[in-house]
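**Q** Pasting a structure below so you can have a look.
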Amino acid sequence: MSSMSKQKKTTIIIVAVAVVLVIAALVCWAAFRPRALEGVKEITVNITHTDGTVRSEEIETTAEYLAEALEPYELLEGEDSEYGLFVTSVDGEYADDTQGAYWMYDVNGSWAEYGVDTQPIADGDVYDFYISVFE
Amino acid sequence: MSTTSTSLSSSNGNARLTLRELVSLSLLSAIIIAAKEAMSLLPNIEPVTLLLICITIVYGAKAFYPCAIFVLAEGLIYGFGWYFFVYVYIWPILVAAVLLIRRVNTSYVIWTVVGALYGLLFGPLCCIEAFVVSGWQMAFSYWISGIPYDIIHFVGNAVLCGVLLKPLTQLLQRLAYPEKGASAS
């Protein structure tokens, strides 16, 4: 009987811990998630290919996130992943992740902290896309 | 033996595989890979957690064999990119956690919560690699970006484990060790 109630107690504690962790995750998401801006924004997108050529686009958009702003240009290809769009190809150049090659991008000269589909855009932003190889 | 507990479940405790275990664990590895691929269109709704918990409850530490085969197969299917190195530690962590909890837990409710919590913690565990490669800021951003997917993973694992873990574990127990299952029914 006592072991039964002990088991019941443990179950209640573990379920409570799970609920608290879910709430904590949701609170963190609400506090720290990338926030988008409304209205018209002008952004610059530079794509540096491995052969050294650079494609630049000046884009005027009302999109809130980078991937959405680039959609009309059909620059990005990728797969949906746990962290959103996993970019495999930019402007027709494929990065082979099995060889450690990945498309990366900087926002105003600093490493991007979000995926392209959760990267909020602001007026005047400059985005630099390039391939990095991780050994 | 109550049908609501997992206490009967255990492997023979011998580190060496019997021929029956060798064949069964090979087939279970194939089932994990096939089930995972079959459900891969659904974002973060996956059967691997359910199956690995079930196999670990029944086979104990021998569950590391199908776990390793599954990880290797994922590498062969999708390439040995960064995600492979996450898989190398993330799935054995689940098996190790179940092995530890298995010593004290006999409740399917708790196993369901364990599966659900593993889904919630999958994102943060993935970020360990981002932390090592790019530092805490990048790891934190990765984790924040993935929280909605972690919640989906949590709910998906809770539903799959809540509905299927008990019947699957009891079935596997009967198939794997019929001599123990017969005495329990």
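To be explicit about the labels: the chains of the structure tokens are called A, B, and onward in the order shown, and within each one the residues are counted from 1, while ligands get numbers from 1 in the order they are shown.
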List the neighbours of stretch 95-106 of chain A out to 12 Å using only C-alpha atoms; skip same-chain residues closer than 3 positions along the sequence, and give me the result as number ranges by chain.

**A** A: 44-50, 66, 76-78, 85-92, 109-116, 119, 125-135; B: 75-85

**Q** Near B:Glu37, counting only C-alpha atoms, which residues have an atom at most 12 Å away, once you skip same-chain residues fewer than 3 positions from it, shown as a list in words?

**A**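 Result of the neighbour search: Ala30, Ile31, Ile32, Ile33, Ala34, Ser40, Leu41, Leu42, Pro43, Asn44, Ile45, Glu46, Pro47, Val48, Phe70, Ala73, Glu74, Ile77 and Tyr78 of chain B.
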
**Q** Those selected residues, please, written with all heavy atoms and delivered as a compact mmCIF listing (two decimals), in the first residue's frame.

**A**
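Written output follows (part_13.txt):
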```txt
# COMPACT_ATOMS: atom_id res chain seq x y z
N ALA B 30 15.90 -2.84 -37.76
CA ALA B 30 15.27 -2.57 -39.06
C ALA B 30 13.92 -1.90 -38.87
O ALA B 30 13.55 -0.98 -39.62
CB ALA B 30 15.12 -3.87 -39.84
N ILE B 31 13.17 -2.33 -37.84
CA ILE B 31 11.85 -1.73 -37.58
C ILE B 31 12.00 -0.26 -37.18
O ILE B 31 11.24 0.59 -37.64
CB ILE B 31 11.10 -2.54 -36.48
CG1 ILE B 31 10.65 -3.89 -37.06
CG2 ILE B 31 9.90 -1.75 -35.94
CD1 ILE B 31 10.12 -4.85 -36.03
N ILE B 32 13.00 0.04 -36.34
CA ILE B 32 13.22 1.44 -35.93
C ILE B 32 13.50 2.29 -37.16
O ILE B 32 12.91 3.37 -37.35
CB ILE B 32 14.41 1.56 -34.95
CG1 ILE B 32 14.13 0.85 -33.64
CG2 ILE B 32 14.71 3.04 -34.65
CD1 ILE B 32 15.33 0.80 -32.69
N ILE B 33 14.41 1.82 -38.01
CA ILE B 33 14.80 2.60 -39.20
C ILE B 33 13.60 2.79 -40.13
O ILE B 33 13.31 3.91 -40.57
CB ILE B 33 15.96 1.90 -39.95
CG1 ILE B 33 17.20 1.83 -39.05
CG2 ILE B 33 16.30 2.62 -41.26
CD1 ILE B 33 18.20 0.77 -39.45
N ALA B 34 12.87 1.70 -40.39
CA ALA B 34 11.72 1.78 -41.30
C ALA B 34 10.63 2.69 -40.73
O ALA B 34 10.06 3.53 -41.44
CB ALA B 34 11.16 0.38 -41.55
N SER B 40 8.82 10.23 -41.34
CA SER B 40 9.73 11.39 -41.43
C SER B 40 9.07 12.63 -42.03
O SER B 40 9.60 13.72 -41.90
CB SER B 40 10.98 11.02 -42.24
OG SER B 40 10.61 10.65 -43.54
N LEU B 41 7.91 12.46 -42.68
CA LEU B 41 7.22 13.63 -43.23
C LEU B 41 6.58 14.48 -42.14
O LEU B 41 6.34 15.66 -42.33
CB LEU B 41 6.16 13.19 -44.24
CG LEU B 41 6.68 12.75 -45.62
CD1 LEU B 41 5.55 12.29 -46.50
CD2 LEU B 41 7.44 13.88 -46.31
N LEU B 42 6.31 13.86 -41.00
CA LEU B 42 5.70 14.61 -39.89
C LEU B 42 6.81 15.25 -39.07
O LEU B 42 7.68 14.55 -38.56
CB LEU B 42 4.88 13.65 -39.00
CG LEU B 42 3.79 12.86 -39.71
CD1 LEU B 42 3.21 11.81 -38.76
CD2 LEU B 42 2.68 13.79 -40.17
N PRO B 43 6.81 16.58 -38.94
CA PRO B 43 7.91 17.22 -38.23
C PRO B 43 7.90 16.89 -36.74
O PRO B 43 6.92 17.17 -36.05
CB PRO B 43 7.67 18.72 -38.46
CG PRO B 43 6.22 18.83 -38.75
CD PRO B 43 5.80 17.55 -39.39
N ASN B 44 8.95 16.23 -36.32
CA ASN B 44 9.15 15.91 -34.90
C ASN B 44 8.13 14.95 -34.29
O ASN B 44 8.03 14.85 -33.07
CB ASN B 44 9.22 17.19 -34.05
CG ASN B 44 10.62 17.75 -34.06
OD1 ASN B 44 11.41 17.43 -34.94
ND2 ASN B 44 10.93 18.57 -33.09
N ILE B 45 7.37 14.28 -35.13
CA ILE B 45 6.55 13.17 -34.63
C ILE B 45 7.32 11.92 -35.06
O ILE B 45 7.36 11.61 -36.25
CB ILE B 45 5.14 13.14 -35.26
CG1 ILE B 45 4.48 14.52 -35.19
CG2 ILE B 45 4.26 12.09 -34.61
CD1 ILE B 45 4.00 14.98 -33.87
N GLU B 46 7.96 11.26 -34.10
CA GLU B 46 8.84 10.16 -34.47
C GLU B 46 8.62 8.95 -33.56
O GLU B 46 8.28 9.12 -32.39
CB GLU B 46 10.30 10.62 -34.45
CG GLU B 46 10.73 11.40 -33.19
CD GLU B 46 11.10 10.53 -32.03
OE1 GLU B 46 11.26 9.32 -32.23
OE2 GLU B 46 11.21 11.06 -30.90
N PRO B 47 8.81 7.75 -34.09
CA PRO B 47 8.57 6.56 -33.28
C PRO B 47 9.84 6.03 -32.60
O PRO B 47 9.77 5.04 -31.88
CB PRO B 47 8.09 5.55 -34.33
CG PRO B 47 8.87 5.93 -35.56
CD PRO B 47 9.08 7.41 -35.50
N VAL B 48 10.98 6.67 -32.83
CA VAL B 48 12.25 6.13 -32.34
C VAL B 48 12.30 6.13 -30.82
O VAL B 48 12.72 5.15 -30.19
CB VAL B 48 13.45 6.91 -32.93
CG1 VAL B 48 14.76 6.30 -32.47
CG2 VAL B 48 13.37 6.93 -34.45
N PHE B 70 20.82 1.88 -35.65
CA PHE B 70 19.96 2.96 -36.15
C PHE B 70 20.77 4.22 -36.46
O PHE B 70 20.62 4.82 -37.53
CB PHE B 70 18.87 3.27 -35.10
CG PHE B 70 18.18 4.57 -35.33
CD1 PHE B 70 17.35 4.75 -36.43
CD2 PHE B 70 18.37 5.64 -34.46
CE1 PHE B 70 16.72 5.98 -36.65
CE2 PHE B 70 17.74 6.85 -34.68
CZ PHE B 70 16.92 7.03 -35.78
N ALA B 73 22.83 3.68 -39.53
CA ALA B 73 21.97 3.67 -40.74
C ALA B 73 21.57 5.09 -41.12
O ALA B 73 21.54 5.44 -42.31
CB ALA B 73 20.73 2.81 -40.49
N GLU B 74 21.28 5.93 -40.13
CA GLU B 74 20.93 7.33 -40.43
C GLU B 74 22.10 8.04 -41.11
O GLU B 74 21.91 8.84 -42.02
CB GLU B 74 20.55 8.07 -39.13
CG GLU B 74 19.23 7.63 -38.54
CD GLU B 74 18.05 7.97 -39.44
OE1 GLU B 74 17.79 9.15 -39.66
OE2 GLU B 74 17.41 7.03 -39.95
N ILE B 77 22.20 6.85 -44.64
CA ILE B 77 21.09 7.37 -45.45
C ILE B 77 21.27 8.87 -45.72
O ILE B 77 21.14 9.33 -46.86
CB ILE B 77 19.73 7.13 -44.74
CG1 ILE B 77 19.44 5.63 -44.65
CG2 ILE B 77 18.59 7.85 -45.48
CD1 ILE B 77 18.28 5.27 -43.73
N TYR B 78 21.58 9.65 -44.68
CA TYR B 78 21.58 11.11 -44.82
C TYR B 78 22.98 11.72 -44.88
O TYR B 78 23.12 12.93 -45.01
CB TYR B 78 20.82 11.74 -43.64
CG TYR B 78 19.35 11.40 -43.68
CD1 TYR B 78 18.80 10.47 -42.80
CD2 TYR B 78 18.51 11.98 -44.62
CE1 TYR B 78 17.46 10.15 -42.84
CE2 TYR B 78 17.17 11.67 -44.68
CZ TYR B 78 16.64 10.75 -43.78
OH TYR B 78 15.32 10.43 -43.83
```

**Q** Select from chain B every residue with an atom at most 9 Å from any atom of chain A, then for each give the shortest pair of atoms and their distance in Å to one decimal, using only C-alpha atoms, rows by chain and rising number, as CSV.

**A**
```
residue,atom,partner,partner_atom,distance
B:Pro43,CA,A:Glu82,CA,7.0
B:Asn44,CA,A:Glu82,CA,6.9
B:Tyr78,CA,A:Thr98,CA,8.0
B:Gly79,CA,A:Thr98,CA,5.2
B:Phe80,CA,A:Thr98,CA,5.5
B:Gly81,CA,A:Thr98,CA,4.6
B:Trp82,CA,A:Gly100,CA,7.5
B:Asn105,CA,A:Gln7,CA,8.1
B:Thr106,CA,A:Gln7,CA,8.6
B:Ser107,CA,A:Gln7,CA,7.9
B:Val109,CA,A:Thr11,CA,7.1
B:Ile110,CA,A:Thr11,CA,5.9
B:Val113,CA,A:Val15,CA,6.5
B:Val114,CA,A:Ile14,CA,8.5
B:Ala116,CA,A:Ala18,CA,8.1
B:Leu117,CA,A:Ala18,CA,6.3
B:Leu120,CA,A:Val22,CA,7.5
B:Gly123,CA,A:Glu82,CA,8.2
B:Gln137,CA,A:Glu113,CA,7.8
B:Met138,CA,A:Glu113,CA,5.8
B:Ala139,CA,A:Glu113,CA,8.9
B:Phe140,CA,A:Glu113,CA,8.9
B:Ser141,CA,A:Glu113,CA,5.8
B:Tyr142,CA,A:Tyr114,CA,6.9
B:Trp143,CA,A:Tyr83,CA,8.6
B:Ile144,CA,A:Trp29,CA,5.8
B:Ser145,CA,A:Tyr83,CA,6.3
B:Gly146,CA,A:Tyr83,CA,5.1
B:Ile147,CA,A:Trp29,CA,6.5
B:Pro148,CA,A:Trp29,CA,8.0
B:Tyr149,CA,A:Glu82,CA,6.2
B:Asp150,CA,A:Glu82,CA,8.3
B:Ile151,CA,A:Val22,CA,7.3
B:Phe154,CA,A:Val22,CA,8.5
```

**Q** When you count only C-alpha atoms, which of these residues is closest to B:Tyr65: B:Pro124, B:Gly119, B:Gly135, B:Pro92?

**A**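 Going through B:Pro124, B:Gly119, B:Gly135, B:Pro92 one by one, the smallest distance to B:Tyr65 is for B:Pro92.
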
**Q** Nearest residue to A:Asp123 out of A:Gly52, A:Ile59, A:Glu93, A:Ser5, using only C-alpha atoms?

**A**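 Of the candidates, the smallest distance to A:Asp123 is held by A:Ile59.
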
**Q** What's the separation between atom CA of A:Glu38 and atom CA of A:Glu64, in Å to one decimal place?

**A** 6.4 Å

**Q** What residues in chain A get the DSSP label alpha helix (DSSP H)? Please answer as a PyMOL selection string.

**A** chain A and resi 2-32+66-70

**Q** Counting only C-alpha atoms, what is within 12 Å of B:Leu17, bar same-chain residues fewer than 6 positions away, as a PyMOL selection string?

**A** chain B and resi 11+23-26+59-63+65

**Q** For B:Arg102, please output as a PDB file with C-alpha atoms, in the first residue's frame all residues within 9 Å (counting only C-alpha atoms; exclusion window: fewer than 3 positions along the same chain).

**A**
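Okay, out-v7.pdb is ready:
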```
ATOM      1  CA  THR B   6       6.714  -3.120 -16.434  1.00  0.00           C
ATOM      2  CA  SER B   7       8.366  -4.932 -13.554  1.00  0.00           C
ATOM      3  CA  THR B  56      15.432  -0.915 -23.355  1.00  0.00           C
ATOM      4  CA  ILE B  57      12.710  -1.925 -20.886  1.00  0.00           C
ATOM      5  CA  GLY B  60      18.190  -3.743 -20.877  1.00  0.00           C
ATOM      6  CA  ALA B  97      18.462   7.243 -19.026  1.00  0.00           C
ATOM      7  CA  VAL B  98      15.892   4.456 -19.423  1.00  0.00           C
ATOM      8  CA  LEU B  99      18.393   1.932 -18.018  1.00  0.00           C
ATOM      9  CA  ASN B 105      10.259   2.620 -12.187  1.00  0.00           C
ATOM     10  CA  THR B 106       7.556   0.146 -13.102  1.00  0.00           C
TER      11      THR B 106
END
```
